[in-house]
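For reference, entry_28.txt (compact mmCIF, C-alpha atoms and all ligand atoms):
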```txt
# COMPACT_ATOMS: atom_id res chain seq x y z
CA MET A 93 21.36 -8.04 8.35
CA ARG A 94 20.40 -9.53 4.98
CA ILE A 95 18.02 -7.22 3.11
CA VAL A 96 16.37 -8.10 -0.20
CA ILE A 97 14.88 -5.13 -2.09
CA VAL A 98 12.43 -5.98 -4.86
CA GLY A 99 12.34 -3.31 -7.58
CA GLY A 100 15.14 -1.34 -9.20
CA GLY A 101 13.35 1.98 -9.73
CA ILE A 102 14.32 5.20 -8.01
CA ILE A 103 12.96 3.94 -4.68
CA GLY A 104 14.72 0.57 -4.70
CA ALA A 105 17.99 1.91 -6.17
CA ALA A 106 18.20 4.86 -3.74
CA LEU A 107 17.49 2.52 -0.85
CA ALA A 108 20.02 -0.11 -1.99
CA ASP A 109 22.62 2.63 -2.30
CA ARG A 110 21.77 4.03 1.14
CA LEU A 111 21.70 0.71 2.98
CA ALA A 112 24.82 -0.75 1.35
CA ARG A 113 27.05 2.15 2.38
CA GLY A 114 28.42 3.52 5.62
CA ALA A 115 28.72 2.21 9.16
CA GLY A 116 26.44 -0.73 9.91
CA ALA A 117 25.93 -1.39 6.21
CA ALA A 118 23.55 -4.23 5.45
CA GLU A 119 24.06 -7.17 3.12
CA VAL A 120 21.83 -5.87 0.32
CA THR A 121 20.44 -7.70 -2.71
CA LEU A 122 18.43 -5.73 -5.28
CA VAL A 123 16.11 -7.84 -7.44
CA GLU A 124 14.91 -6.24 -10.68
CA ARG A 125 12.95 -8.20 -13.22
CA ASP A 126 14.24 -6.11 -16.12
CA ARG A 127 17.08 -3.60 -15.64
CA PRO A 128 17.35 -0.72 -13.14
CA GLY A 129 15.22 2.20 -14.34
CA ALA A 130 13.13 0.10 -16.73
CA GLY A 131 9.88 0.95 -14.92
CA THR A 132 8.11 4.22 -14.20
CA SER A 133 11.28 5.98 -13.00
CA GLY A 134 12.92 5.64 -16.41
CA ALA A 135 10.08 7.36 -18.27
CA SER A 136 8.92 9.90 -15.69
CA PHE A 137 8.72 13.63 -16.26
CA ALA A 138 10.91 13.78 -13.14
CA TRP A 139 10.39 17.35 -11.94
CA LEU A 140 11.87 17.86 -8.47
CA ASN A 141 9.54 20.01 -6.45
CA ALA A 142 7.63 20.77 -3.28
CA ASN A 143 5.11 22.78 -5.29
CA ASP A 144 2.09 21.73 -3.25
CA PRO A 145 1.05 23.90 -0.30
CA ASP A 146 -2.17 22.02 0.55
CA ASP A 147 -0.74 19.72 3.24
CA PRO A 148 1.98 21.58 5.19
CA ALA A 149 3.52 18.38 6.63
CA TYR A 150 3.76 16.76 3.21
CA HIS A 151 5.12 20.01 1.79
CA CYS A 152 7.87 19.90 4.46
CA LEU A 153 8.66 16.28 3.54
CA ARG A 154 9.11 17.38 -0.08
CA VAL A 155 11.23 20.40 0.87
CA ALA A 156 13.50 18.06 2.84
CA ALA A 157 13.57 15.79 -0.23
CA LEU A 158 14.94 18.62 -2.37
CA GLY A 159 17.74 19.03 0.17
CA ALA A 160 18.45 15.30 0.11
CA TRP A 161 18.77 15.41 -3.69
CA ARG A 162 21.23 18.32 -3.51
CA ARG A 163 23.42 16.41 -1.05
CA LEU A 164 23.20 13.17 -3.01
CA ALA A 165 23.96 14.75 -6.38
CA GLY A 166 26.89 16.58 -4.77
CA GLU A 167 28.39 13.20 -3.91
CA PHE A 168 28.37 12.35 -7.63
CA GLY A 169 30.16 15.61 -8.54
CA ASP A 170 28.07 17.62 -10.96
CA PRO A 171 26.13 14.89 -12.78
CA ALA A 172 24.40 15.85 -16.02
CA TRP A 173 21.31 13.95 -14.83
CA PHE A 174 20.56 16.38 -11.99
CA ARG A 175 19.86 20.10 -12.16
CA ILE A 176 18.33 22.60 -9.77
CA ALA A 177 17.70 25.11 -12.55
CA GLY A 178 14.24 26.31 -11.53
CA ASN A 179 10.74 25.94 -12.89
CA THR A 180 8.64 28.54 -14.69
CA ALA A 181 4.88 28.25 -15.10
CA TRP A 182 2.29 30.55 -16.55
CA ALA A 183 -1.44 30.86 -17.11
CA THR A 184 -3.26 32.96 -19.66
CA ALA A 185 -6.96 32.38 -18.85
CA ASP A 186 -9.23 32.56 -15.83
CA PRO A 187 -9.52 30.81 -13.42
CA ALA A 188 -6.03 29.36 -14.01
CA LYS A 189 -4.47 32.83 -13.57
CA GLU A 190 -6.00 33.34 -10.11
CA LEU A 191 -5.16 29.78 -9.08
CA LEU A 192 -1.51 30.24 -10.06
CA ALA A 193 -1.20 33.59 -8.27
CA ASP A 194 -2.83 32.05 -5.18
CA ARG A 195 -0.44 29.08 -5.27
CA VAL A 196 2.58 31.38 -5.44
CA ALA A 197 1.28 33.44 -2.50
CA ARG A 198 0.62 30.34 -0.38
CA LEU A 199 3.99 28.76 -1.17
CA ALA A 200 5.81 32.03 -0.46
CA ALA A 201 3.96 32.30 2.86
CA LEU A 202 5.39 28.86 3.73
CA GLY A 203 8.89 30.25 3.07
CA TYR A 204 9.23 28.36 -0.23
CA PRO A 205 11.06 30.17 -3.06
CA ALA A 206 8.16 31.26 -5.29
CA ALA A 207 7.49 34.59 -7.00
CA LEU A 208 5.52 36.18 -9.81
CA ILE A 209 7.81 37.49 -12.54
CA THR A 210 7.52 39.72 -15.62
CA PRO A 211 7.68 38.56 -19.25
CA ASP A 212 11.12 40.20 -19.49
CA ARG A 213 12.39 38.07 -16.61
CA LEU A 214 10.95 34.94 -18.23
CA ARG A 215 12.84 35.85 -21.42
CA GLU A 216 16.09 36.12 -19.41
CA LEU A 217 15.48 32.75 -17.76
CA GLU A 218 14.34 30.87 -20.87
CA PRO A 219 15.40 32.81 -24.00
CA SER A 220 14.27 30.09 -26.46
CA LEU A 221 10.58 30.36 -25.53
CA ARG A 222 7.99 32.26 -27.55
CA PRO A 223 6.61 34.82 -25.06
CA PRO A 224 3.25 34.08 -23.44
CA ALA A 225 0.17 36.13 -24.42
CA ALA A 226 -0.16 39.60 -22.90
CA GLY A 227 -1.72 39.53 -19.45
CA ALA A 228 -0.32 36.11 -18.53
CA VAL A 229 0.43 35.42 -14.87
CA ILE A 230 3.97 34.01 -14.73
CA ALA A 231 5.48 32.17 -11.76
CA HIS A 232 9.08 31.25 -11.04
CA TYR A 233 10.28 28.66 -8.52
CA PRO A 234 14.08 28.94 -8.44
CA GLY A 235 14.64 26.08 -5.97
CA GLU A 236 13.03 23.41 -8.14
CA GLY A 237 14.76 21.19 -10.64
CA HIS A 238 14.76 17.93 -12.54
CA VAL A 239 16.61 14.67 -12.82
CA HIS A 240 16.86 12.29 -15.73
CA GLY A 241 15.41 9.11 -14.30
CA PRO A 242 17.25 6.40 -16.28
CA ASP A 243 20.68 7.93 -15.59
CA ALA A 244 19.97 8.66 -11.92
CA VAL A 245 18.70 5.14 -11.22
CA ARG A 246 21.68 3.60 -13.02
CA ALA A 247 24.13 5.78 -11.08
CA LEU A 248 22.56 4.80 -7.75
CA ALA A 249 22.40 1.10 -8.60
CA ASP A 250 26.02 1.16 -9.79
CA ARG A 251 27.19 2.88 -6.62
CA ALA A 252 25.26 0.40 -4.49
CA ARG A 253 27.01 -2.41 -6.36
CA SER A 254 30.42 -0.80 -5.83
CA ALA A 255 29.62 -0.68 -2.11
CA GLY A 256 28.98 -4.43 -2.09
CA ALA A 257 25.29 -4.76 -2.93
CA ARG A 258 24.34 -7.63 -5.20
CA LEU A 259 22.14 -6.88 -8.20
CA ILE A 260 20.02 -9.65 -9.65
CA GLY A 261 18.70 -8.26 -12.94
CA GLY A 262 16.42 -9.83 -15.53
CA THR A 263 14.74 -12.01 -12.89
CA ALA A 264 11.44 -11.32 -11.14
CA ALA A 265 10.57 -12.06 -7.55
CA THR A 266 7.57 -14.28 -8.25
CA ARG A 267 6.39 -14.45 -4.65
CA LEU A 268 7.12 -13.56 -1.06
CA ASN A 269 8.17 -16.60 0.98
CA LEU A 270 6.40 -17.11 4.32
CA ARG A 271 7.64 -19.24 7.18
CA GLY A 272 6.64 -19.20 10.85
CA GLY A 273 4.40 -16.17 10.44
CA ARG A 274 6.99 -13.94 8.77
CA VAL A 275 8.28 -13.11 5.32
CA THR A 276 11.61 -14.86 4.91
CA GLY A 277 12.60 -13.63 1.46
CA VAL A 278 11.45 -14.17 -2.11
CA ARG A 279 11.15 -16.92 -4.70
CA LEU A 280 12.88 -15.89 -7.95
CA GLY A 281 11.77 -16.58 -11.50
CA THR A 282 14.62 -19.09 -11.66
CA ASP A 283 12.83 -21.05 -8.87
CA ASP A 284 15.65 -20.24 -6.45
CA ASP A 285 14.78 -18.89 -3.01
CA LEU A 286 16.51 -15.79 -1.73
CA ASP A 287 16.46 -15.68 2.09
CA ALA A 288 16.41 -12.38 3.93
CA ASP A 289 16.00 -10.99 7.43
CA LEU A 290 14.03 -8.17 5.82
CA THR A 291 12.34 -8.01 2.42
CA VAL A 292 11.53 -4.57 1.01
CA CYS A 293 8.74 -4.25 -1.53
CA ALA A 294 9.75 -1.36 -3.81
CA ALA A 295 8.11 -2.76 -6.94
CA GLY A 296 6.27 0.47 -7.77
CA ARG A 297 2.92 -0.08 -9.44
CA HIS A 298 3.48 -3.85 -9.41
CA SER A 299 3.71 -3.91 -5.61
CA PRO A 300 0.11 -5.09 -5.06
CA ALA A 301 0.77 -8.17 -7.22
CA LEU A 302 3.85 -9.10 -5.18
CA LEU A 303 2.16 -8.42 -1.83
CA ALA A 304 -0.86 -10.48 -2.88
CA THR A 305 1.37 -13.58 -2.95
CA ALA A 306 1.45 -13.30 0.89
CA GLY A 307 -2.24 -12.39 1.12
CA LEU A 308 -1.46 -8.70 1.68
CA GLY A 309 -2.96 -5.65 0.00
CA LEU A 310 -1.90 -2.07 -0.66
CA PRO A 311 -4.27 0.89 -1.24
CA LEU A 312 -3.11 1.91 -4.73
CA VAL A 313 -5.36 3.39 -7.42
CA ASP A 314 -6.22 0.61 -9.85
CA ALA A 315 -4.11 1.26 -12.96
CA GLU A 316 -6.16 -1.26 -14.96
CA ALA A 317 -9.49 0.57 -14.53
CA PRO A 318 -10.73 2.36 -17.67
CA GLY A 319 -9.83 6.07 -17.40
CA SER A 320 -7.57 5.43 -14.37
CA PRO A 321 -5.42 8.47 -13.45
CA ALA A 322 -2.41 6.17 -12.86
CA PRO A 323 -1.28 5.78 -16.49
CA GLY A 324 0.19 8.82 -18.22
CA LEU A 325 1.99 9.77 -21.42
CA THR A 326 5.55 11.07 -21.76
CA ALA A 327 7.67 11.60 -24.85
CA PHE A 328 11.37 12.38 -25.25
CA THR A 329 12.90 14.19 -28.20
CA GLY A 330 16.26 13.23 -29.65
CA PRO A 331 19.47 15.15 -28.97
CA GLY A 332 19.96 18.69 -30.21
CA PRO A 333 21.16 22.07 -29.05
CA ALA A 334 20.22 22.87 -25.44
CA LEU A 335 16.97 24.83 -25.63
CA LEU A 336 15.86 25.07 -22.01
CA ASN A 337 17.56 25.77 -18.71
CA GLY A 338 14.93 24.46 -16.33
CA VAL A 339 11.46 22.95 -16.14
CA VAL A 340 8.66 24.78 -17.97
CA HIS A 341 4.91 24.42 -17.36
CA SER A 342 3.02 26.23 -20.14
CA PRO A 343 -0.75 26.03 -20.65
CA GLY A 344 -0.45 23.37 -23.40
CA VAL A 345 2.71 21.40 -22.63
CA ASP A 346 5.24 20.77 -19.85
CA LEU A 347 8.90 20.45 -20.79
CA ARG A 348 12.24 19.76 -19.16
CA PRO A 349 15.75 19.32 -20.49
CA VAL A 350 17.29 15.90 -21.03
CA PRO A 351 21.09 15.43 -20.91
CA GLY A 352 22.42 15.73 -24.47
CA GLY A 353 19.96 18.43 -25.52
CA GLY A 354 16.68 16.52 -25.76
CA LEU A 355 13.43 17.47 -24.07
CA ALA A 356 10.96 15.48 -21.95
CA LEU A 357 7.36 16.37 -22.79
CA GLU A 358 4.01 15.82 -21.09
CA ALA A 359 0.60 17.54 -21.00
CA ALA A 360 -2.24 17.17 -18.52
CA ASP A 361 -5.01 16.61 -21.09
CA LEU A 362 -3.06 13.97 -23.04
CA ASP A 363 -2.06 12.32 -19.76
CA ASP A 364 -5.72 12.17 -18.72
CA ALA A 365 -6.63 10.61 -22.07
CA THR A 366 -4.16 7.73 -21.57
CA ASP A 367 -5.01 4.48 -19.84
CA LEU A 368 -3.80 0.90 -20.12
CA ALA A 369 -6.16 0.22 -23.02
CA THR A 370 -4.94 3.16 -25.14
CA PRO A 371 -3.58 1.62 -28.36
CA ALA A 372 0.04 2.21 -29.36
CA ALA A 373 -1.08 4.23 -32.39
CA ALA A 374 -2.97 6.63 -30.12
CA LEU A 375 0.12 7.00 -27.92
CA ASP A 376 2.10 7.92 -31.05
CA ARG A 377 -0.55 10.49 -32.02
CA GLY A 378 -0.36 11.90 -28.50
CA ALA A 379 3.42 12.18 -28.78
CA ALA A 380 3.09 13.95 -32.16
CA GLU A 381 0.66 16.40 -30.56
CA LEU A 382 3.11 17.00 -27.69
CA LEU A 383 5.83 17.74 -30.23
CA ASP A 384 3.60 20.18 -32.18
CA ARG A 385 2.82 22.05 -28.97
CA ALA A 386 6.48 22.11 -27.95
CA ARG A 387 7.50 23.45 -31.38
CA ALA A 388 4.83 26.16 -31.17
CA LEU A 389 6.42 27.21 -27.87
CA ILE A 390 10.08 26.78 -28.90
CA PRO A 391 10.51 27.73 -32.58
CA ALA A 392 14.12 26.45 -32.61
CA LEU A 393 13.04 22.89 -31.70
CA THR A 394 13.65 20.66 -34.72
CA ALA A 395 14.51 17.29 -33.11
CA PRO A 396 11.89 14.55 -33.59
CA VAL A 397 10.33 12.48 -30.84
CA GLU A 398 12.65 9.57 -30.11
CA THR A 399 10.71 7.61 -27.48
CA VAL A 400 7.07 7.50 -26.37
CA HIS A 401 6.02 5.99 -23.03
CA ARG A 402 2.87 4.88 -21.38
CA CYS A 403 4.21 5.69 -17.94
CA VAL A 404 2.21 4.31 -15.01
CA ARG A 405 2.15 5.95 -11.59
CA PRO A 406 2.23 3.89 -8.42
CA LEU A 407 -0.59 6.08 -7.08
CA PRO A 408 -1.61 5.65 -3.43
CA ALA A 409 -5.39 6.03 -3.05
CA ASP A 410 -5.01 9.14 -0.85
CA GLY A 411 -2.00 10.45 -2.78
CA PHE A 412 0.50 10.11 0.08
CA PRO A 413 3.49 7.74 0.42
CA LEU A 414 3.00 4.18 1.71
CA VAL A 415 6.19 3.50 3.64
CA GLY A 416 6.76 1.21 6.59
CA PRO A 417 6.65 -2.27 8.03
CA GLN A 418 3.71 -4.18 6.65
CA PHE A 419 4.16 -7.66 8.08
CA PRO A 420 6.89 -9.34 10.14
CA GLY A 421 9.96 -9.45 7.90
CA LEU A 422 8.41 -7.18 5.27
CA TYR A 423 8.77 -3.43 4.63
CA THR A 424 6.90 -1.58 1.88
CA ALA A 425 8.05 1.62 0.11
CA VAL A 426 5.66 2.79 -2.62
CA THR A 427 4.83 6.38 -3.50
CA HIS A 428 3.78 8.89 -6.09
CA SER A 429 6.30 11.72 -6.68
CA GLY A 430 8.90 9.05 -6.09
CA ILE A 431 11.49 10.86 -8.16
CA THR A 432 11.33 13.85 -5.83
CA LEU A 433 11.03 11.77 -2.67
CA GLY A 434 13.32 8.77 -3.40
CA PRO A 435 16.65 9.76 -1.81
CA HIS A 436 14.99 11.38 1.22
CA LEU A 437 12.77 8.36 1.78
CA ALA A 438 15.88 6.17 1.57
CA ASP A 439 17.46 8.20 4.41
CA LEU A 440 14.27 8.03 6.47
CA ILE A 441 13.86 4.29 5.89
CA ALA A 442 17.47 3.69 6.99
CA ALA A 443 16.67 5.57 10.22
CA ASP A 444 13.38 3.70 10.55
CA LEU A 445 15.18 0.35 10.39
CA ARG A 446 17.56 1.51 13.13
CA GLY A 447 14.71 2.24 15.53
CA GLY A 448 11.67 4.08 14.24
CA GLU A 449 11.52 7.32 12.26
CA PRO A 450 8.76 9.71 13.45
CA ALA A 451 8.75 11.60 10.12
CA LEU A 452 7.28 8.48 8.50
CA ALA A 453 4.46 8.07 11.04
CA PRO A 454 1.77 9.69 8.81
CA TYR A 455 2.70 7.49 5.86
CA ARG A 456 2.43 3.94 7.22
CA PRO A 457 0.90 1.47 4.74
CA ASP A 458 -1.75 0.37 7.24
CA ARG A 459 -3.03 3.89 7.97
CA ALA A 460 -6.38 3.24 6.29
CA ALA A 461 -7.02 0.29 8.58
CA GLY A 462 -5.62 2.18 11.59
CA ALA A 463 -3.88 -0.94 12.90
CA ALA A 464 -0.31 -1.41 14.15
CA ALA A 465 1.86 -3.23 11.61
CA TRP A 466 4.60 -4.88 13.56
C1 LIG B 501 3.56 10.53 -16.38
C2 LIG B 501 4.25 10.60 -15.04
C3 LIG B 501 4.88 11.78 -14.63
C4 LIG B 501 5.49 11.84 -13.38
N1 LIG B 501 6.11 13.00 -13.03
C5 LIG B 501 6.76 13.06 -11.85
C6 LIG B 501 7.45 14.26 -11.51
O1 LIG B 501 7.45 15.22 -12.27
N2 LIG B 501 8.10 14.29 -10.32
C7 LIG B 501 8.10 13.22 -9.46
O2 LIG B 501 8.71 13.31 -8.38
N3 LIG B 501 7.45 12.07 -9.77
C8 LIG B 501 6.77 11.98 -10.93
N4 LIG B 501 6.11 10.85 -11.27
C9 LIG B 501 6.08 9.75 -10.30
C10 LIG B 501 7.38 8.97 -10.25
O3 LIG B 501 7.87 8.76 -11.56
C11 LIG B 501 7.16 7.64 -9.53
O4 LIG B 501 6.61 7.87 -8.24
C12 LIG B 501 8.48 6.87 -9.35
O5 LIG B 501 9.16 6.74 -10.58
C13 LIG B 501 8.20 5.50 -8.76
O6 LIG B 501 9.42 4.86 -8.57
P1 LIG B 501 9.45 3.34 -8.08
O7 LIG B 501 10.88 3.00 -7.85
O8 LIG B 501 8.50 3.17 -6.95
O9 LIG B 501 8.80 2.52 -9.28
P2 LIG B 501 9.45 2.01 -10.65
O10 LIG B 501 10.34 3.02 -11.23
O11 LIG B 501 8.34 1.51 -11.49
O12 LIG B 501 10.35 0.81 -10.17
C14 LIG B 501 9.82 -0.42 -9.77
C15 LIG B 501 10.66 -1.49 -10.39
O13 LIG B 501 10.26 -2.75 -9.89
C16 LIG B 501 10.40 -3.72 -10.90
N5 LIG B 501 9.53 -4.83 -10.51
C17 LIG B 501 8.19 -4.82 -10.42
N6 LIG B 501 7.75 -6.03 -9.96
C18 LIG B 501 8.85 -6.79 -9.76
C19 LIG B 501 9.05 -8.10 -9.29
N7 LIG B 501 8.02 -8.89 -8.93
N8 LIG B 501 10.31 -8.58 -9.22
C20 LIG B 501 11.37 -7.81 -9.57
N9 LIG B 501 11.24 -6.53 -10.02
C21 LIG B 501 9.98 -6.03 -10.10
C22 LIG B 501 9.99 -2.99 -12.17
O14 LIG B 501 10.55 -3.57 -13.32
C23 LIG B 501 10.52 -1.58 -11.91
O15 LIG B 501 11.79 -1.38 -12.49
C24 LIG B 501 5.49 10.72 -12.52
C25 LIG B 501 4.89 9.54 -12.92
C26 LIG B 501 4.26 9.48 -14.17
C27 LIG B 501 3.62 8.21 -14.58
```

Before anything else, please render the file you have as structure tokens.
Ligand SMILES: Cc1cc2nc3c(=O)[nH]c(=O)nc-3n(C[C@H](O)[C@H](O)[C@H](O)COP(=O)(O)OP(=O)(O)OC[C@H]3O[C@@H](n4cnc5c(N)ncnc54)[C@H](O)[C@@H]3O)c2cc1C
Amino acid sequence: MRIVIVGGGIIGAALADRLARGAGAAEVTLVERDRPGAGTSGASFAWLNANDPDDPAYHCLRVAALGAWRRLAGEFGDPAWFRIAGNTAWATADPAKELLADRVARLAALGYPAALITPDRLRELEPSLRPPAAGAVIAHYPGEGHVHGPDAVRALADRARSAGARLIGGTAATRLNLRGGRVTGVRLGTDDDLDADLTVCAAGRHSPALLATAGLGLPLVDAEAPGSPAPGLTAFTGPGPALLNGVVHSPGVDLRPVPGGGLALEAADLDDATDLATPAAALDRGAAELLDRARALIPALTAPVETVHRCVRPLPADGFPLVGPQFPGLYTAVTHSGITLGPHLADLIAADLRGGEPALAPYRPDRAAGAAAW
């Protein structure tokens, strides 16, 4: 079976890797208009978690995704780009304190590793942090972790290539080709046609533009709208001594380690203030603010910010993954929390292509319309 995957982010790279290997491997071509990891996946905060108890089925999907990451990373040895080193979070004011304690109780009731801890325990886990104010509610999730998106995507794309997948980089798929009522592949920016038995749209936030070339839509939040929640802000500091073990969510800034000793930084309020019209100078001011907050939390942090990203979420309108056949010859795989979900979705999609995967039933792209897709 010839499969063309459009988009070399975590979703496309994990899927190319999965489909190119093992018994019944497909003839896979991955088309990426830039280089693997150049999109959202390469600039994401990339916290691996199932830290959302609101929808038990989705929570279970995410728990399974953490297991898939452990297995996948194990196949790469002990890669520096993957760590299950836990996540600590704390709140110092009401109602955030009650909300955090409630979240821990609900996650623990679901059997998820989550507990409230003392300031002394936080100091043992993350000795570089300035202690939170007295009276803080502190949570610890030992089963959570992080990946470094650019390295993980590259590793997956490279392994897919070693298994025989073809990578076409630096060339966009400019349209889906239609013949006889089905998608038959893509037209490339070079004007060449790439034929396929199945085309997978894994173009992240750019998926609606690609699908529109065949008259199809996808219910994603409009990233272009002023104040859209899709765009966010992340910043990465340069290398230095390792200052954190795991992911940290403090009231003013979220942080995670980067291989080589850097830190990835984000903050909810600065994320909310970022949209596609935010000028570059304002992004730089946001990054400087992130660094100030990080330094207030970690006195030993001296490294400057090295890169600043306007990082845009492919954000389904209802928040849940959009994964499944969308038209004859066409399969769509677009999701938020794609870093957490990518490898598990790749396994589920492989099963889906063999004959239908019930775990994906709630996440079909046509669920809003309630119609059967193929
Ligand atoms: C600020 C922020 C923080 C986040 N934090 C987390 C987190 O902590 N944990 C988590 O799990 N998730 C997080 N996410 C979400 C996660 O990063 C995304 O869901 C995930 O990266 C999406 O991966 P993707 O492969 O679908 O998209 P992308 O990584 O964007 O990949 C799509 C690729 O397709 C290519 N492309 C697009 N159009 C074409 C075309 N026509 N032809 C060829 N190539 C094309 C692009 O160049 C791109 O490389 C965060 C997102 C943001 C913005």

Shell around A:Arg162 at 12 Å using only C-alpha atoms, local window under 3 positions removed, as a VMD selection string: chain A and resid 140 155 to 159 165 to 171 174 to 177 235 to 239 432 435 to 436

Site check for ligand LIG 501 (chain B): residues at most 7 Å away, only C-alpha atoms and all ligand atoms, as a PyMOL selection string: chain A and resi 98-104+123-134+136-140+263-266+294-299+302+322-326+363+403-406+426-433

Two-atom distance - atom CA of A:Asp186, atom CA of A:Arg213 (Å): 22.3 Å

Residue nearest A:Leu308 among A:Asp364, A:Asp458, A:Glu398, A:Glu381 (counting all atoms listed in the file):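 Closest candidate: A:Asp458.
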
Nearest to A:Val345 by atom-to-atom distance, counting all atoms listed in the file, from A:Ala451, A:Ala438, A:Ala181, A:Ala288: A:Ala181

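Take the candidates A:Ala442, A:Leu407, A:Ala379, A:Leu362 and check each one against A:Asp109 using all atoms listed in the file; the shortest distance goes to A:Ala442.
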
Interatomic distance (Å, one decimal) between atom CA of A:Leu111 and atom CA of A:Ile260: 16.4 Å

Gap from atom CA of A:Asp314 to atom CA of A:Thr366 - Å, one decimal: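 Rounded to one decimal, the two atoms are 13.9 Å apart.
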
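Every protein, DNA or RNA residue with an atom at most 12 Å from A:Ala115, where only C-alpha atoms count and chain neighbours fewer than 3 positions away do not, is listed here: Arg110, Leu111, Ala112, Ala118, Ala255, Ala442 and Arg446 of chain A.
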
Nearest-residue call for A:Val275, choices A:Pro333, A:Gly114, A:Pro454, A:Gly421, using only C-alpha atoms: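 Smallest separation from A:Val275 among the options: A:Gly421.
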
For A:Tyr455, the nearest of the candidates A:Thr399, A:Phe412, A:Asp384, A:Cys293, counting all atoms listed in the file: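 Among the listed residues, the smallest separation from A:Tyr455 belongs to A:Phe412.
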
Option closest in space to A:Ala360, from A:Leu382, A:Ala373, A:Leu122, A:Ala249 [counting all atoms listed in the file]: A:Leu382
